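Q: work08.cif is reproduced below (mmCIF, C-alpha atoms).
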```
data_run
#
loop_
_atom_site.label_atom_id
_atom_site.label_comp_id
_atom_site.auth_asym_id
_atom_site.auth_seq_id
_atom_site.Cartn_x
_atom_site.Cartn_y
_atom_site.Cartn_z
CA MET U 1 37.54 -72.64 -10.59
CA ALA U 2 35.05 -70.65 -12.67
CA ALA U 3 34.26 -67.08 -11.75
CA ARG U 4 30.69 -66.36 -10.77
CA ALA U 5 28.67 -63.82 -12.68
CA PRO U 6 27.93 -60.71 -10.66
CA GLN U 7 24.59 -60.76 -8.89
CA HIS U 8 22.48 -57.66 -9.30
CA ARG U 9 19.62 -56.65 -7.08
CA ARG U 10 16.42 -55.53 -8.70
CA PRO U 11 14.95 -52.51 -6.97
CA SER U 12 11.31 -52.96 -6.13
CA ALA U 13 8.57 -50.52 -5.34
CA PRO U 14 6.79 -50.61 -2.00
CA GLY U 15 3.83 -52.97 -2.00
CA LEU U 16 5.07 -55.11 -4.90
CA PRO U 17 6.49 -58.60 -4.67
CA ALA U 18 10.27 -58.90 -4.86
CA GLY U 19 11.59 -59.47 -8.36
CA VAL U 20 9.09 -57.25 -10.20
CA ALA U 21 11.14 -55.15 -12.59
CA PRO U 22 10.71 -51.39 -12.26
CA ALA U 23 10.62 -51.11 -16.05
CA LEU U 24 7.27 -52.85 -15.99
CA LEU U 25 5.77 -50.28 -13.66
CA PRO U 26 3.78 -47.41 -15.15
CA GLU U 27 5.64 -44.15 -15.54
CA GLY U 28 4.54 -41.34 -13.26
CA THR U 29 3.90 -37.75 -14.28
CA ASP U 30 7.32 -36.70 -12.96
CA GLY U 31 9.18 -39.21 -15.17
CA THR U 32 9.78 -41.78 -12.41
CA ARG U 33 8.32 -45.24 -12.26
CA SER U 34 6.13 -46.03 -9.31
CA ALA U 35 3.68 -48.65 -8.14
CA GLY U 36 1.03 -45.95 -7.78
CA GLY U 37 0.59 -45.54 -11.51
CA GLY U 38 0.55 -42.32 -13.44
CA GLY U 39 0.78 -41.64 -17.10
CA THR U 40 -2.06 -40.53 -19.32
CA THR U 41 -5.43 -42.21 -19.23
CA GLY U 42 -7.84 -39.94 -21.01
CA ALA U 43 -7.28 -36.93 -23.14
CA ARG U 44 -3.81 -36.40 -24.48
CA SER U 45 -1.31 -34.06 -22.89
CA ALA U 46 0.45 -31.20 -24.69
CA GLY U 47 -2.79 -30.00 -26.26
CA ARG U 48 -3.25 -32.93 -28.61
CA PRO U 49 -6.83 -34.20 -28.73
CA SER U 50 -7.58 -37.83 -28.13
CA ALA U 51 -8.58 -39.88 -31.16
CA GLY U 52 -10.40 -42.52 -29.10
CA ALA U 53 -13.94 -43.69 -29.71
CA ALA U 54 -15.65 -43.44 -26.34
CA ALA U 55 -15.67 -40.24 -24.34
CA GLY U 56 -12.56 -40.03 -22.16
CA THR U 57 -10.94 -43.12 -23.69
CA GLY U 58 -7.73 -42.68 -25.71
CA TYR U 59 -5.58 -45.14 -27.57
CA ASP U 60 -2.11 -45.39 -29.03
CA THR U 61 -1.28 -47.70 -31.94
CA VAL U 62 1.52 -50.30 -32.11
CA THR U 63 2.20 -51.33 -35.72
CA VAL U 64 4.15 -54.37 -36.95
CA SER U 65 4.46 -56.33 -40.20
CA VAL U 66 1.50 -58.53 -41.05
CA ARG U 67 3.28 -61.88 -40.50
CA HIS U 68 4.66 -60.76 -37.14
CA GLY U 69 1.29 -59.27 -36.18
CA LEU U 70 -0.78 -62.33 -37.02
CA GLU U 71 1.57 -64.59 -35.05
CA THR U 72 1.26 -62.17 -32.13
CA VAL U 73 -2.55 -62.20 -32.38
CA ASP U 74 -2.49 -66.01 -32.14
CA ILE U 75 -0.31 -65.87 -29.02
CA LEU U 76 -2.49 -63.23 -27.38
CA ARG U 77 -5.71 -65.10 -28.20
CA LEU U 78 -4.34 -68.26 -26.60
CA ARG U 79 -3.59 -66.21 -23.47
CA GLY U 80 -6.99 -64.52 -23.55
CA ALA U 81 -5.29 -61.12 -23.65
CA CYS U 82 -5.94 -59.85 -27.18
CA GLY U 83 -7.62 -56.47 -27.50
CA ALA U 84 -8.69 -54.69 -30.67
CA VAL U 85 -6.49 -55.27 -33.73
CA LEU U 86 -6.68 -53.68 -37.20
CA GLN U 87 -5.09 -54.55 -40.52
CA SER U 88 -3.75 -51.66 -42.61
CA ARG U 89 -5.51 -50.55 -45.77
CA GLY U 90 -2.91 -52.22 -48.01
CA GLY U 91 -2.74 -55.31 -45.80
CA ALA U 92 1.01 -55.04 -45.14
CA ALA U 93 0.78 -54.16 -41.44
CA VAL U 94 -1.19 -55.00 -38.32
CA SER U 95 -2.00 -52.38 -35.67
CA PHE U 96 -2.75 -53.13 -32.02
CA LEU U 97 -4.66 -50.62 -29.92
CA VAL U 98 -2.89 -49.98 -26.62
CA PRO U 99 -3.69 -47.57 -23.77
CA ALA U 100 -2.98 -43.88 -24.29
CA GLY U 101 0.50 -42.83 -23.19
CA THR U 102 2.20 -46.03 -24.36
CA ALA U 103 3.94 -44.25 -27.26
CA ARG U 104 6.06 -42.17 -24.87
CA GLY U 105 7.95 -45.20 -23.58
CA TRP U 106 7.69 -47.72 -26.42
CA HIS U 107 11.07 -48.93 -27.73
CA LEU U 108 10.92 -52.32 -29.43
CA PRO U 109 12.80 -53.05 -32.66
CA GLY U 110 10.55 -54.25 -35.46
CA SER U 111 7.58 -52.23 -34.25
CA SER U 112 6.48 -48.63 -34.04
CA CYS U 113 4.12 -46.96 -31.62
CA SER U 114 2.35 -43.74 -32.47
CA PRO U 115 0.03 -41.64 -30.37
CA GLY U 116 -3.64 -41.74 -31.25
CA ALA U 117 -5.70 -44.18 -33.25
CA VAL U 118 -8.28 -43.98 -36.00
CA LEU U 119 -11.13 -46.24 -35.03
CA LEU U 120 -13.19 -47.80 -37.79
CA PRO U 121 -16.81 -48.91 -37.43
CA ALA U 122 -17.08 -52.35 -35.81
CA THR U 123 -18.43 -53.78 -39.09
CA ASP U 124 -15.37 -52.76 -41.15
CA PRO U 125 -13.65 -55.84 -42.64
CA ARG U 126 -10.16 -54.61 -41.66
CA TRP U 127 -10.74 -55.52 -38.01
CA ILE U 128 -8.85 -58.68 -37.09
CA MET U 129 -10.17 -58.52 -33.53
CA ALA U 130 -13.16 -56.18 -33.60
CA PRO U 131 -14.90 -54.48 -30.67
CA ALA U 132 -17.64 -56.57 -29.03
CA GLY U 133 -20.47 -54.68 -30.73
CA PRO U 134 -21.30 -51.65 -32.83
CA GLN U 135 -21.56 -49.35 -29.78
CA ALA U 136 -18.97 -51.13 -27.61
CA PRO U 137 -15.65 -49.36 -27.06
CA ALA U 138 -12.57 -51.03 -28.50
CA ARG U 139 -10.63 -52.87 -25.79
CA PRO U 140 -6.91 -52.04 -25.82
CA THR U 141 -4.25 -54.71 -25.36
CA ASP U 142 -2.06 -54.29 -22.29
CA ALA U 143 1.20 -52.80 -23.54
CA TRP U 144 3.55 -55.08 -21.58
CA VAL U 145 1.62 -58.22 -22.45
CA LEU U 146 1.76 -57.13 -26.11
CA ARG U 147 5.51 -56.51 -25.85
CA SER U 148 6.04 -60.01 -24.46
CA ALA U 149 3.88 -61.57 -27.17
CA LEU U 150 5.70 -59.62 -29.91
CA CYS U 151 9.05 -60.92 -28.63
CA GLU U 152 7.70 -64.48 -28.46
CA ALA U 153 6.29 -64.18 -31.99
CA ALA U 154 9.64 -62.89 -33.31
CA CYS U 155 11.41 -65.89 -31.74
CA THR U 156 8.86 -68.30 -33.19
CA LEU U 157 9.12 -66.84 -36.69
CA THR U 158 12.91 -66.72 -36.56
CA ALA U 159 13.06 -70.37 -35.45
CA GLY U 160 10.81 -71.24 -38.37
CA GLY U 161 13.14 -69.50 -40.84
CA LEU U 162 10.85 -66.49 -41.34
CA GLY U 163 12.92 -63.88 -39.44
CA PRO U 164 14.85 -61.90 -38.37
CA PHE U 165 12.88 -58.77 -37.69
#
```
For the file at hand, write its structure as structure tokens.
A:
Amino acid sequence: MAARAPQHRRPSAPGLPAGVAPALLPEGTDGTRSAGGGGTTGARSAGRPSAGAAAGTGYDTVTVSVRHGLETVDILRLRGACGAVLQSRGGAAVSFLVPAGTARGWHLPGSSCSPGAVLLPATDPRWIMAPAGPQAPARPTDAWVLRSALCEAACTLTAGGLGPF
């Protein structure tokens, strides 16, 4: 008779459906994860100014290789979840704008997340997914949706013989 694998219970926060992983919940100001939110949503903490475009809006930047990034953009566009995306000056990397505070908890091999973002004019040719208009703020991609799409893109590229990352 085969032994069963141990069953683990996932803790859930009050008000959330059972099975929602606590790691997907936003981190609170005291370092705990809660359903109530938390984190940084405007100006940066620790005295660092926000590099966002619109007043009170800050961004962090997730950067990956160009092949991985373009595959991820395709996945996000199919899901209708792609925010603003830039290509690096040399063309070797793709940068996704994500909400401010993402850099504190970002740990995904094959990518890097840095606080702040340099926003280019909407007419700059390096935008892969540009803001809606010249005065429109850049829309960030949800960090956990981006993480999922990056993992899916890595699997797709590896299966096609273009990985590993």
Q: Can you spell out as number ranges by chain the set of residues that the PyMOL selection byres ((chain U and resi 135-146) around 8) selects in the structure I just provided?
A: U: 24, 53-54, 59, 72, 76, 81-84, 96-99, 102, 130-134, 147-150
Q: The residues within 12 Å of (9.6, -64.7, -32.4), using only C-alpha atoms and the coordinates of the file, should be reported as an NGL selection string; which are they?
A: :U and (67-72 or 75 or 110 or 147-165)
Q: Restricting the output to C-alpha atoms, write the selected residues as a JSON list (two decimals), keeping the file's coordinate frame.
A:
```
[["chain", "number", "residue", "atom", "x", "y", "z"],
["U", 67, "ARG", "CA", 3.28, -61.88, -40.50],
["U", 68, "HIS", "CA", 4.66, -60.76, -37.14],
["U", 69, "GLY", "CA", 1.29, -59.27, -36.18],
["U", 70, "LEU", "CA", -0.78, -62.33, -37.02],
["U", 71, "GLU", "CA", 1.57, -64.59, -35.05],
["U", 72, "THR", "CA", 1.26, -62.17, -32.13],
["U", 75, "ILE", "CA", -0.31, -65.87, -29.02],
["U", 110, "GLY", "CA", 10.55, -54.25, -35.46],
["U", 147, "ARG", "CA", 5.51, -56.51, -25.85],
["U", 148, "SER", "CA", 6.04, -60.01, -24.46],
["U", 149, "ALA", "CA", 3.88, -61.57, -27.17],
["U", 150, "LEU", "CA", 5.70, -59.62, -29.91],
["U", 151, "CYS", "CA", 9.05, -60.92, -28.63],
["U", 152, "GLU", "CA", 7.70, -64.48, -28.46],
["U", 153, "ALA", "CA", 6.29, -64.18, -31.99],
["U", 154, "ALA", "CA", 9.64, -62.89, -33.31],
["U", 155, "CYS", "CA", 11.41, -65.89, -31.74],
["U", 156, "THR", "CA", 8.86, -68.30, -33.19],
["U", 157, "LEU", "CA", 9.12, -66.84, -36.69],
["U", 158, "THR", "CA", 12.91, -66.72, -36.56],
["U", 159, "ALA", "CA", 13.06, -70.37, -35.45],
["U", 160, "GLY", "CA", 10.81, -71.24, -38.37],
["U", 161, "GLY", "CA", 13.14, -69.50, -40.84],
["U", 162, "LEU", "CA", 10.85, -66.49, -41.34],
["U", 163, "GLY", "CA", 12.92, -63.88, -39.44],
["U", 164, "PRO", "CA", 14.85, -61.90, -38.37],
["U", 165, "PHE", "CA", 12.88, -58.77, -37.69]]
```
Q: Report, as JSON, the axis-aligned box around all atoms of region 79-98 of chain U present in the file, extended by 3 Å on each side; give centre and edge lengths in Å to one decimal place.
A:
```
{"center_x": -3.8, "center_y": -58.1, "center_z": -35.7, "size_x": 15.7, "size_y": 22.2, "size_z": 30.5}
```
Q: One number please: CA of Ser111 (chain U) to CA of Gly91 (chain U), in Å, one decimal.
A: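 Taking CA of Ser111 (chain U) and CA of Gly91 (chain U), their separation equals 15.8 Å.
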Q: Report the distance between CA of Ala117 (chain U) and CA of Thr61 (chain U) in Å, rounded to one decimal place.
A: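 That distance, rounded to one decimal, is 5.8 Å.
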Q: Using CA of Cys113 (chain U) and CA of Arg79 (chain U) as the two end points, give the distance in Å to one decimal.
A: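 Distance reported for this atom pair: 22.3 Å.
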Q: Could region 58-70 of chain U be completed with N, CA, C and O atoms and returned as a compact mmCIF listing (two decimals), keeping the file's coordinate frame?
A:
```txt
# COMPACT_ATOMS: atom_id res chain seq x y z
N GLY U 58 -8.69 -42.91 -24.64
CA GLY U 58 -7.73 -42.68 -25.71
C GLY U 58 -6.92 -43.93 -25.98
O GLY U 58 -6.83 -44.83 -25.15
N TYR U 59 -6.37 -43.98 -27.17
CA TYR U 59 -5.58 -45.14 -27.57
C TYR U 59 -4.30 -44.68 -28.24
O TYR U 59 -4.25 -43.60 -28.83
N ASP U 60 -3.28 -45.50 -28.19
CA ASP U 60 -2.11 -45.39 -29.03
C ASP U 60 -2.12 -46.62 -29.94
O ASP U 60 -2.87 -47.57 -29.70
N THR U 61 -1.28 -46.61 -30.96
CA THR U 61 -1.28 -47.70 -31.94
C THR U 61 0.12 -48.28 -32.08
O THR U 61 1.06 -47.55 -32.39
N VAL U 62 0.27 -49.59 -31.87
CA VAL U 62 1.52 -50.30 -32.11
C VAL U 62 1.37 -51.04 -33.44
O VAL U 62 0.44 -51.82 -33.62
N THR U 63 2.29 -50.76 -34.38
CA THR U 63 2.20 -51.33 -35.72
C THR U 63 3.40 -52.23 -36.00
O THR U 63 4.53 -51.86 -35.71
N VAL U 64 3.11 -53.41 -36.57
CA VAL U 64 4.15 -54.37 -36.95
C VAL U 64 3.79 -54.94 -38.33
O VAL U 64 2.69 -54.74 -38.83
N SER U 65 4.73 -55.69 -38.91
CA SER U 65 4.46 -56.33 -40.20
C SER U 65 3.33 -57.35 -40.04
O SER U 65 3.07 -57.85 -38.94
N VAL U 66 2.68 -57.67 -41.13
CA VAL U 66 1.50 -58.53 -41.05
C VAL U 66 1.83 -59.93 -40.52
O VAL U 66 1.11 -60.48 -39.69
N ARG U 67 2.93 -60.53 -40.96
CA ARG U 67 3.28 -61.88 -40.50
C ARG U 67 3.57 -61.89 -39.00
O ARG U 67 3.10 -62.73 -38.26
N HIS U 68 4.34 -60.90 -38.55
CA HIS U 68 4.66 -60.76 -37.14
C HIS U 68 3.39 -60.48 -36.33
O HIS U 68 3.17 -61.04 -35.25
N GLY U 69 2.52 -59.63 -36.87
CA GLY U 69 1.29 -59.27 -36.18
C GLY U 69 0.32 -60.42 -36.04
O GLY U 69 -0.30 -60.61 -34.98
N LEU U 70 0.16 -61.21 -37.08
CA LEU U 70 -0.78 -62.33 -37.02
C LEU U 70 -0.29 -63.41 -36.06
O LEU U 70 -1.09 -64.03 -35.34
```
